[in-house]
Amino acid sequence: MNDAASQSATQAIVLDEVFPHAPEILWATLTSGALMARWLMPPSGFEAVVGQRFSFQTTPGGAWDGMIHCEVLEVSPNRRLAFAWRSGHASNVGYGALLDTVVSFDLSPAEGGTRLRLVHAGFVAPSNDATYRNLSEGWPKVFKQLDSVAAEQAPPTSLH
């Protein structure tokens, strides 16, 4: 691989887990702004409607104001949600470097519940390496929180 090709290589974070919840429960947890605030971060202006723009506010760094600008790209109820995740500033190196990625959640039936596959794709190496490392550690924690919030949404199971 030559230097130009390696500089434009992209990476993706992929998580694939079976949750003990019905697809409708996970979908509601993924697509409610109030619930999203509990498992990810509070969104501003989020609705699960293609073309909807929304944002998250996180810790600023360097010339970056900490805003993550998003746009809903795909909505297929109980099956798929995808949105653009853009942030950073061109003058930043490391934390807060310019980022233009896509986050997708795919749901499918699985034994014992619903398989949820997260792909956060488009991290450009080496400029996005710091963000890639941070989110590679962060998304598994988010999945645990998502599971907890989803569990609260599920109707109680009756013991017969």
# chains A, B, ... in the order shown; residues from 1 in each chain; ligands from 1

$ residues_around --residues "Leu15 (chain A)" --least-positions-apart "5" --cutoff "10 Å" --atoms "only C-alpha atoms" --output "list in words"
Phe105, Leu116, Arg117, Leu118, Val119, His120, Ser136, Trp139, Pro140 and Phe143 of chain A

$ residues_around --residues "region 70-74 of chain A" --least-positions-apart "4" --cutoff "6 Å" --atoms "only C-alpha atoms" --output "number ranges by chain"
A: 50-55, 81-85

$ write_last_selection --atoms "all heavy atoms" --output "CSV table (one decimal), in the first residue's frame"
chain,number,residue,atom,x,y,z
A,50,VAL,N,-36.1,10.7,8.1
A,50,VAL,CA,-35.0,10.9,7.2
A,50,VAL,C,-34.9,12.4,6.8
A,50,VAL,O,-36.0,13.1,6.6
A,50,VAL,CB,-35.3,10.1,5.9
A,50,VAL,CG1,-34.2,10.5,4.8
A,50,VAL,CG2,-35.2,8.6,6.2
A,51,GLY,N,-33.7,12.9,6.9
A,51,GLY,CA,-33.5,14.3,6.6
A,51,GLY,C,-33.4,15.2,7.8
A,51,GLY,O,-33.0,16.3,7.8
A,52,GLN,N,-33.9,14.7,9.0
A,52,GLN,CA,-33.9,15.4,10.2
A,52,GLN,C,-32.5,15.7,10.7
A,52,GLN,O,-31.7,14.8,10.8
A,52,GLN,CB,-34.7,14.7,11.3
A,52,GLN,CG,-34.8,15.4,12.6
A,52,GLN,CD,-35.6,16.6,12.6
A,52,GLN,OE1,-36.6,16.7,11.9
A,52,GLN,NE2,-35.2,17.6,13.4
A,53,ARG,N,-32.2,17.0,11.0
A,53,ARG,CA,-30.9,17.3,11.5
A,53,ARG,C,-31.0,17.5,13.0
A,53,ARG,O,-32.0,18.0,13.5
A,53,ARG,CB,-30.4,18.6,10.8
A,53,ARG,CG,-30.1,18.5,9.4
A,53,ARG,CD,-29.7,19.8,8.7
A,53,ARG,NE,-29.6,19.7,7.3
A,53,ARG,CZ,-28.5,19.3,6.7
A,53,ARG,NH1,-27.4,19.1,7.4
A,53,ARG,NH2,-28.4,19.2,5.4
A,54,PHE,N,-30.0,17.0,13.7
A,54,PHE,CA,-30.0,17.2,15.2
A,54,PHE,C,-28.5,17.3,15.6
A,54,PHE,O,-27.6,17.1,14.8
A,54,PHE,CB,-30.7,16.0,15.8
A,54,PHE,CG,-30.1,14.7,15.6
A,54,PHE,CD1,-29.4,14.1,16.6
A,54,PHE,CD2,-30.3,13.9,14.5
A,54,PHE,CE1,-28.8,12.8,16.4
A,54,PHE,CE2,-29.8,12.7,14.3
A,54,PHE,CZ,-29.0,12.1,15.3
A,55,SER,N,-28.3,17.5,16.9
A,55,SER,CA,-27.0,17.6,17.4
A,55,SER,C,-26.8,17.1,18.8
A,55,SER,O,-27.8,16.9,19.5
A,55,SER,CB,-26.5,19.1,17.3
A,55,SER,OG,-27.3,19.9,18.2
A,81,LEU,N,-31.7,2.1,11.6
A,81,LEU,CA,-31.6,3.6,11.8
A,81,LEU,C,-30.1,3.9,11.5
A,81,LEU,O,-29.2,3.3,12.0
A,81,LEU,CB,-31.9,3.9,13.3
A,81,LEU,CG,-31.6,5.4,13.7
A,81,LEU,CD1,-32.6,6.3,13.0
A,81,LEU,CD2,-31.7,5.6,15.2
A,82,ALA,N,-30.0,4.9,10.7
A,82,ALA,CA,-28.6,5.4,10.3
A,82,ALA,C,-28.6,6.9,10.3
A,82,ALA,O,-29.6,7.5,9.9
A,82,ALA,CB,-28.2,4.9,9.0
A,83,PHE,N,-27.5,7.5,10.8
A,83,PHE,CA,-27.4,8.9,10.8
A,83,PHE,C,-25.9,9.4,10.6
A,83,PHE,O,-25.0,8.7,11.0
A,83,PHE,CB,-28.0,9.6,12.0
A,83,PHE,CG,-27.6,9.1,13.3
A,83,PHE,CD1,-26.4,9.6,14.0
A,83,PHE,CD2,-28.3,8.2,14.0
A,83,PHE,CE1,-26.1,9.2,15.2
A,83,PHE,CE2,-28.0,7.7,15.3
A,83,PHE,CZ,-26.8,8.2,15.9
A,84,ALA,N,-25.7,10.5,9.9
A,84,ALA,CA,-24.4,11.1,9.8
A,84,ALA,C,-24.0,11.6,11.2
A,84,ALA,O,-24.8,12.1,11.9
A,84,ALA,CB,-24.5,12.2,8.8
A,85,TRP,N,-22.7,11.6,11.4
A,85,TRP,CA,-22.1,12.0,12.7
A,85,TRP,C,-20.9,12.9,12.3
A,85,TRP,O,-19.9,12.3,11.9
A,85,TRP,CB,-21.7,10.8,13.5
A,85,TRP,CG,-21.0,11.0,14.8
A,85,TRP,CD1,-19.7,11.5,15.0
A,85,TRP,CD2,-21.5,10.6,16.1
A,85,TRP,NE1,-19.4,11.4,16.3
A,85,TRP,CE2,-20.5,10.9,17.0
A,85,TRP,CE3,-22.7,10.1,16.6
A,85,TRP,CZ2,-20.6,10.7,18.4
A,85,TRP,CZ3,-22.9,9.9,17.9
A,85,TRP,CH2,-21.8,10.2,18.8

$ atom_distance --atom1 "CA of Ala125 (chain A)" --atom2 "CA of Gly138 (chain A)"
18.6 Å

$ residues_around --residues "Ala154 (chain A)" --least-positions-apart "2" --cutoff "12 Å" --atoms "only C-alpha atoms" --output "mmCIF file with N, CA and C atoms, in the first residue's frame"
data_model
loop_
_atom_site.group_PDB
_atom_site.id
_atom_site.type_symbol
_atom_site.label_atom_id
_atom_site.label_comp_id
_atom_site.auth_asym_id
_atom_site.auth_seq_id
_atom_site.Cartn_x
_atom_site.Cartn_y
_atom_site.Cartn_z
ATOM 1 N N PHE A 19 -29.540 -8.742 22.339
ATOM 2 C CA PHE A 19 -30.167 -8.178 23.532
ATOM 3 C C PHE A 19 -31.442 -8.968 23.827
ATOM 4 N N PRO A 20 -31.769 -9.177 25.101
ATOM 5 C CA PRO A 20 -32.953 -9.964 25.454
ATOM 6 C C PRO A 20 -34.240 -9.130 25.397
ATOM 7 N N HIS A 21 -34.409 -8.390 24.314
ATOM 8 C CA HIS A 21 -35.560 -7.509 24.159
ATOM 9 C C HIS A 21 -36.170 -7.697 22.769
ATOM 10 N N ALA A 22 -37.463 -7.455 22.668
ATOM 11 C CA ALA A 22 -38.142 -7.493 21.368
ATOM 12 C C ALA A 22 -37.625 -6.341 20.503
ATOM 13 N N PRO A 23 -37.656 -6.507 19.176
ATOM 14 C CA PRO A 23 -37.202 -5.432 18.292
ATOM 15 C C PRO A 23 -37.915 -4.106 18.569
ATOM 16 N N GLU A 24 -39.210 -4.169 18.880
ATOM 17 C CA GLU A 24 -39.981 -2.945 19.122
ATOM 18 C C GLU A 24 -39.457 -2.184 20.340
ATOM 19 N N ILE A 25 -38.991 -2.918 21.341
ATOM 20 C CA ILE A 25 -38.446 -2.290 22.552
ATOM 21 C C ILE A 25 -37.122 -1.605 22.225
ATOM 22 N N LEU A 26 -36.245 -2.314 21.524
ATOM 23 C CA LEU A 26 -34.962 -1.702 21.143
ATOM 24 C C LEU A 26 -35.186 -0.513 20.221
ATOM 25 N N TRP A 27 -36.113 -0.665 19.274
ATOM 26 C CA TRP A 27 -36.396 0.422 18.341
ATOM 27 C C TRP A 27 -36.857 1.668 19.094
ATOM 28 N N ALA A 28 -37.781 1.500 20.020
ATOM 29 C CA ALA A 28 -38.274 2.639 20.802
ATOM 30 C C ALA A 28 -37.137 3.282 21.590
ATOM 31 N N THR A 29 -36.237 2.462 22.109
ATOM 32 C CA THR A 29 -35.104 2.980 22.885
ATOM 33 C C THR A 29 -34.126 3.735 21.988
ATOM 34 N N GLY A 113 -33.912 -13.003 21.694
ATOM 35 C CA GLY A 113 -34.132 -11.561 21.631
ATOM 36 C C GLY A 113 -33.899 -10.965 20.259
ATOM 37 N N ASP A 147 -28.884 -1.287 26.865
ATOM 38 C CA ASP A 147 -29.532 -2.488 27.377
ATOM 39 C C ASP A 147 -30.326 -2.181 28.649
ATOM 40 N N SER A 148 -29.749 -1.414 29.551
ATOM 41 C CA SER A 148 -30.432 -1.062 30.804
ATOM 42 C C SER A 148 -31.684 -0.240 30.548
ATOM 43 N N VAL A 149 -31.579 0.752 29.660
ATOM 44 C CA VAL A 149 -32.730 1.606 29.345
ATOM 45 C C VAL A 149 -33.817 0.790 28.642
ATOM 46 N N ALA A 150 -33.423 -0.096 27.734
ATOM 47 C CA ALA A 150 -34.391 -0.948 27.033
ATOM 48 C C ALA A 150 -35.101 -1.864 28.028
ATOM 49 N N ALA A 151 -34.360 -2.401 28.984
ATOM 50 C CA ALA A 151 -34.953 -3.308 29.970
ATOM 51 C C ALA A 151 -36.059 -2.607 30.753
ATOM 52 N N GLU A 152 -35.897 -1.321 31.009
ATOM 53 C CA GLU A 152 -36.922 -0.558 31.732
ATOM 54 C C GLU A 152 -38.187 -0.357 30.894
ATOM 55 N N PRO A 156 -43.453 -6.030 32.088
ATOM 56 C CA PRO A 156 -43.040 -7.076 33.050
ATOM 57 C C PRO A 156 -43.473 -8.455 32.561
ATOM 58 N N THR A 157 -42.640 -9.427 32.837
ATOM 59 C CA THR A 157 -42.959 -10.791 32.425
ATOM 60 C C THR A 157 -43.781 -11.453 33.528
ATOM 61 N N SER A 158 -44.804 -12.124 33.119
ATOM 62 C CA SER A 158 -45.617 -12.805 34.118
ATOM 63 C C SER A 158 -45.071 -14.212 34.311
#

$ atom_distance --atom1 "CA of Phe56 (chain A)" --atom2 "CA of Gln11 (chain A)"
22.2 Å

$ residues_around --residues "region 128-131 of chain A" --least-positions-apart "5" --cutoff "10 Å" --atoms "only C-alpha atoms" --output "PyMOL selection string"
chain A and resi 10-11+88+93-100+122-123+136-137

$ write_last_selection --atoms "C-alpha atoms" --output "CSV table (one decimal), in the first residue's frame"
chain,number,residue,atom,x,y,z
A,10,THR,CA,-10.9,4.4,6.8
A,11,GLN,CA,-11.8,2.4,9.9
A,88,GLY,CA,-14.4,18.5,14.9
A,93,VAL,CA,-5.0,17.4,15.5
A,94,GLY,CA,-6.0,14.5,17.8
A,95,TYR,CA,-9.1,15.1,19.9
A,96,GLY,CA,-11.6,17.3,17.9
A,97,ALA,CA,-10.1,16.7,14.5
A,98,LEU,CA,-12.5,17.0,11.6
A,99,LEU,CA,-14.8,13.9,11.5
A,100,ASP,CA,-17.4,12.9,8.9
A,122,GLY,CA,-15.7,6.5,8.1
A,123,PHE,CA,-12.8,7.2,10.5
A,136,SER,CA,-14.0,2.2,20.3
A,137,GLU,CA,-13.9,2.3,24.1

$ atom_distance --atom1 "CA of Val103 (chain A)" --atom2 "CA of Ile13 (chain A)"
9.3 Å

$ decode --residues "region 45-84 of chain A" --atoms "N, CA and C atoms" --output "PDB file, in the first residue's frame"
ATOM      1  N   GLY A  45     -33.082  18.277  18.955  1.00  0.00           N
ATOM      2  CA  GLY A  45     -33.802  18.239  17.684  1.00  0.00           C
ATOM      3  C   GLY A  45     -33.941  16.884  17.037  1.00  0.00           C
ATOM      4  N   PHE A  46     -33.679  15.801  17.781  1.00  0.00           N
ATOM      5  CA  PHE A  46     -33.743  14.473  17.176  1.00  0.00           C
ATOM      6  C   PHE A  46     -35.179  14.010  16.944  1.00  0.00           C
ATOM      7  N   GLU A  47     -35.433  13.503  15.745  1.00  0.00           N
ATOM      8  CA  GLU A  47     -36.634  12.741  15.400  1.00  0.00           C
ATOM      9  C   GLU A  47     -36.184  11.699  14.389  1.00  0.00           C
ATOM     10  N   ALA A  48     -36.743  10.512  14.463  1.00  0.00           N
ATOM     11  CA  ALA A  48     -36.377   9.435  13.545  1.00  0.00           C
ATOM     12  C   ALA A  48     -37.099   9.625  12.215  1.00  0.00           C
ATOM     13  N   VAL A  49     -36.703  10.689  11.506  1.00  0.00           N
ATOM     14  CA  VAL A  49     -37.292  11.049  10.218  1.00  0.00           C
ATOM     15  C   VAL A  49     -36.136  11.349   9.276  1.00  0.00           C
ATOM     16  N   VAL A  50     -36.115  10.692   8.123  1.00  0.00           N
ATOM     17  CA  VAL A  50     -35.039  10.920   7.157  1.00  0.00           C
ATOM     18  C   VAL A  50     -34.940  12.409   6.832  1.00  0.00           C
ATOM     19  N   GLY A  51     -33.712  12.912   6.875  1.00  0.00           N
ATOM     20  CA  GLY A  51     -33.460  14.320   6.600  1.00  0.00           C
ATOM     21  C   GLY A  51     -33.440  15.190   7.846  1.00  0.00           C
ATOM     22  N   GLN A  52     -33.925  14.670   8.980  1.00  0.00           N
ATOM     23  CA  GLN A  52     -33.943  15.446  10.220  1.00  0.00           C
ATOM     24  C   GLN A  52     -32.515  15.707  10.688  1.00  0.00           C
ATOM     25  N   ARG A  53     -32.229  16.963  10.961  1.00  0.00           N
ATOM     26  CA  ARG A  53     -30.913  17.338  11.490  1.00  0.00           C
ATOM     27  C   ARG A  53     -31.031  17.507  12.997  1.00  0.00           C
ATOM     28  N   PHE A  54     -30.016  17.042  13.699  1.00  0.00           N
ATOM     29  CA  PHE A  54     -29.983  17.176  15.152  1.00  0.00           C
ATOM     30  C   PHE A  54     -28.531  17.260  15.591  1.00  0.00           C
ATOM     31  N   SER A  55     -28.321  17.492  16.877  1.00  0.00           N
ATOM     32  CA  SER A  55     -26.951  17.628  17.353  1.00  0.00           C
ATOM     33  C   SER A  55     -26.809  17.087  18.771  1.00  0.00           C
ATOM     34  N   PHE A  56     -25.563  16.851  19.125  1.00  0.00           N
ATOM     35  CA  PHE A  56     -25.158  16.507  20.477  1.00  0.00           C
ATOM     36  C   PHE A  56     -24.098  17.522  20.887  1.00  0.00           C
ATOM     37  N   GLN A  57     -24.016  17.803  22.160  1.00  0.00           N
ATOM     38  CA  GLN A  57     -22.958  18.669  22.684  1.00  0.00           C
ATOM     39  C   GLN A  57     -22.066  17.826  23.591  1.00  0.00           C
ATOM     40  N   THR A  58     -20.773  17.846  23.324  1.00  0.00           N
ATOM     41  CA  THR A  58     -19.822  17.129  24.161  1.00  0.00           C
ATOM     42  C   THR A  58     -18.694  18.079  24.542  1.00  0.00           C
ATOM     43  N   THR A  59     -17.643  17.564  25.104  1.00  0.00           N
ATOM     44  CA  THR A  59     -16.540  18.386  25.582  1.00  0.00           C
ATOM     45  C   THR A  59     -15.780  19.025  24.423  1.00  0.00           C
ATOM     46  N   PRO A  60     -15.714  20.368  24.385  1.00  0.00           N
ATOM     47  CA  PRO A  60     -14.946  21.045  23.336  1.00  0.00           C
ATOM     48  C   PRO A  60     -13.453  20.727  23.447  1.00  0.00           C
ATOM     49  N   GLY A  61     -12.745  20.912  22.353  1.00  0.00           N
ATOM     50  CA  GLY A  61     -11.295  20.719  22.355  1.00  0.00           C
ATOM     51  C   GLY A  61     -10.653  21.536  21.262  1.00  0.00           C
ATOM     52  N   GLY A  62      -9.652  22.336  21.624  1.00  0.00           N
ATOM     53  CA  GLY A  62      -8.968  23.175  20.639  1.00  0.00           C
ATOM     54  C   GLY A  62      -9.947  24.113  19.966  1.00  0.00           C
ATOM     55  N   ALA A  63      -9.917  24.168  18.635  1.00  0.00           N
ATOM     56  CA  ALA A  63     -10.818  25.053  17.879  1.00  0.00           C
ATOM     57  C   ALA A  63     -12.220  24.454  17.718  1.00  0.00           C
ATOM     58  N   TRP A  64     -12.412  23.220  18.155  1.00  0.00           N
ATOM     59  CA  TRP A  64     -13.713  22.552  18.036  1.00  0.00           C
ATOM     60  C   TRP A  64     -14.602  22.921  19.214  1.00  0.00           C
ATOM     61  N   ASP A  65     -15.839  23.290  18.915  1.00  0.00           N
ATOM     62  CA  ASP A  65     -16.783  23.737  19.948  1.00  0.00           C
ATOM     63  C   ASP A  65     -17.494  22.598  20.674  1.00  0.00           C
ATOM     64  N   GLY A  66     -17.204  21.361  20.321  1.00  0.00           N
ATOM     65  CA  GLY A  66     -17.812  20.212  20.982  1.00  0.00           C
ATOM     66  C   GLY A  66     -19.149  19.781  20.392  1.00  0.00           C
ATOM     67  N   MET A  67     -19.600  20.439  19.331  1.00  0.00           N
ATOM     68  CA  MET A  67     -20.873  20.075  18.701  1.00  0.00           C
ATOM     69  C   MET A  67     -20.672  18.905  17.738  1.00  0.00           C
ATOM     70  N   ILE A  68     -21.589  17.944  17.839  1.00  0.00           N
ATOM     71  CA  ILE A  68     -21.640  16.837  16.883  1.00  0.00           C
ATOM     72  C   ILE A  68     -22.905  17.071  16.064  1.00  0.00           C
ATOM     73  N   HIS A  69     -22.728  17.295  14.781  1.00  0.00           N
ATOM     74  CA  HIS A  69     -23.845  17.594  13.886  1.00  0.00           C
ATOM     75  C   HIS A  69     -24.262  16.296  13.194  1.00  0.00           C
ATOM     76  N   CYS A  70     -25.550  15.994  13.278  1.00  0.00           N
ATOM     77  CA  CYS A  70     -26.057  14.732  12.739  1.00  0.00           C
ATOM     78  C   CYS A  70     -27.213  14.984  11.781  1.00  0.00           C
ATOM     79  N   GLU A  71     -27.433  14.017  10.915  1.00  0.00           N
ATOM     80  CA  GLU A  71     -28.596  14.032  10.036  1.00  0.00           C
ATOM     81  C   GLU A  71     -29.063  12.598   9.846  1.00  0.00           C
ATOM     82  N   VAL A  72     -30.356  12.371  10.048  1.00  0.00           N
ATOM     83  CA  VAL A  72     -30.912  11.033   9.875  1.00  0.00           C
ATOM     84  C   VAL A  72     -30.864  10.678   8.391  1.00  0.00           C
ATOM     85  N   LEU A  73     -30.245   9.546   8.082  1.00  0.00           N
ATOM     86  CA  LEU A  73     -30.068   9.099   6.701  1.00  0.00           C
ATOM     87  C   LEU A  73     -31.024   7.974   6.319  1.00  0.00           C
ATOM     88  N   GLU A  74     -31.324   7.075   7.258  1.00  0.00           N
ATOM     89  CA  GLU A  74     -32.202   5.936   6.980  1.00  0.00           C
ATOM     90  C   GLU A  74     -33.047   5.627   8.194  1.00  0.00           C
ATOM     91  N   VAL A  75     -34.316   5.306   7.942  1.00  0.00           N
ATOM     92  CA  VAL A  75     -35.224   4.859   8.991  1.00  0.00           C
ATOM     93  C   VAL A  75     -36.064   3.721   8.422  1.00  0.00           C
ATOM     94  N   SER A  76     -35.922   2.565   9.015  1.00  0.00           N
ATOM     95  CA  SER A  76     -36.751   1.418   8.664  1.00  0.00           C
ATOM     96  C   SER A  76     -37.217   0.834  10.000  1.00  0.00           C
ATOM     97  N   PRO A  77     -38.436   1.181  10.425  1.00  0.00           N
ATOM     98  CA  PRO A  77     -38.892   0.815  11.767  1.00  0.00           C
ATOM     99  C   PRO A  77     -38.619  -0.641  12.147  1.00  0.00           C
ATOM    100  N   ASN A  78     -38.066  -0.773  13.345  1.00  0.00           N
ATOM    101  CA  ASN A  78     -37.717  -2.065  13.941  1.00  0.00           C
ATOM    102  C   ASN A  78     -36.628  -2.816  13.184  1.00  0.00           C
ATOM    103  N   ARG A  79     -35.981  -2.134  12.220  1.00  0.00           N
ATOM    104  CA  ARG A  79     -34.933  -2.797  11.426  1.00  0.00           C
ATOM    105  C   ARG A  79     -33.644  -2.011  11.303  1.00  0.00           C
ATOM    106  N   ARG A  80     -33.737  -0.687  10.980  1.00  0.00           N
ATOM    107  CA  ARG A  80     -32.493   0.066  10.724  1.00  0.00           C
ATOM    108  C   ARG A  80     -32.673   1.557  10.976  1.00  0.00           C
ATOM    109  N   LEU A  81     -31.673   2.112  11.648  1.00  0.00           N
ATOM    110  CA  LEU A  81     -31.556   3.557  11.843  1.00  0.00           C
ATOM    111  C   LEU A  81     -30.123   3.933  11.506  1.00  0.00           C
ATOM    112  N   ALA A  82     -29.953   4.941  10.664  1.00  0.00           N
ATOM    113  CA  ALA A  82     -28.602   5.407  10.324  1.00  0.00           C
ATOM    114  C   ALA A  82     -28.600   6.925  10.300  1.00  0.00           C
ATOM    115  N   PHE A  83     -27.502   7.495  10.814  1.00  0.00           N
ATOM    116  CA  PHE A  83     -27.366   8.942  10.764  1.00  0.00           C
ATOM    117  C   PHE A  83     -25.913   9.359  10.603  1.00  0.00           C
ATOM    118  N   ALA A  84     -25.746  10.517   9.948  1.00  0.00           N
ATOM    119  CA  ALA A  84     -24.420  11.113   9.798  1.00  0.00           C
ATOM    120  C   ALA A  84     -23.992  11.642  11.159  1.00  0.00           C
TER     121      ALA A  84
END
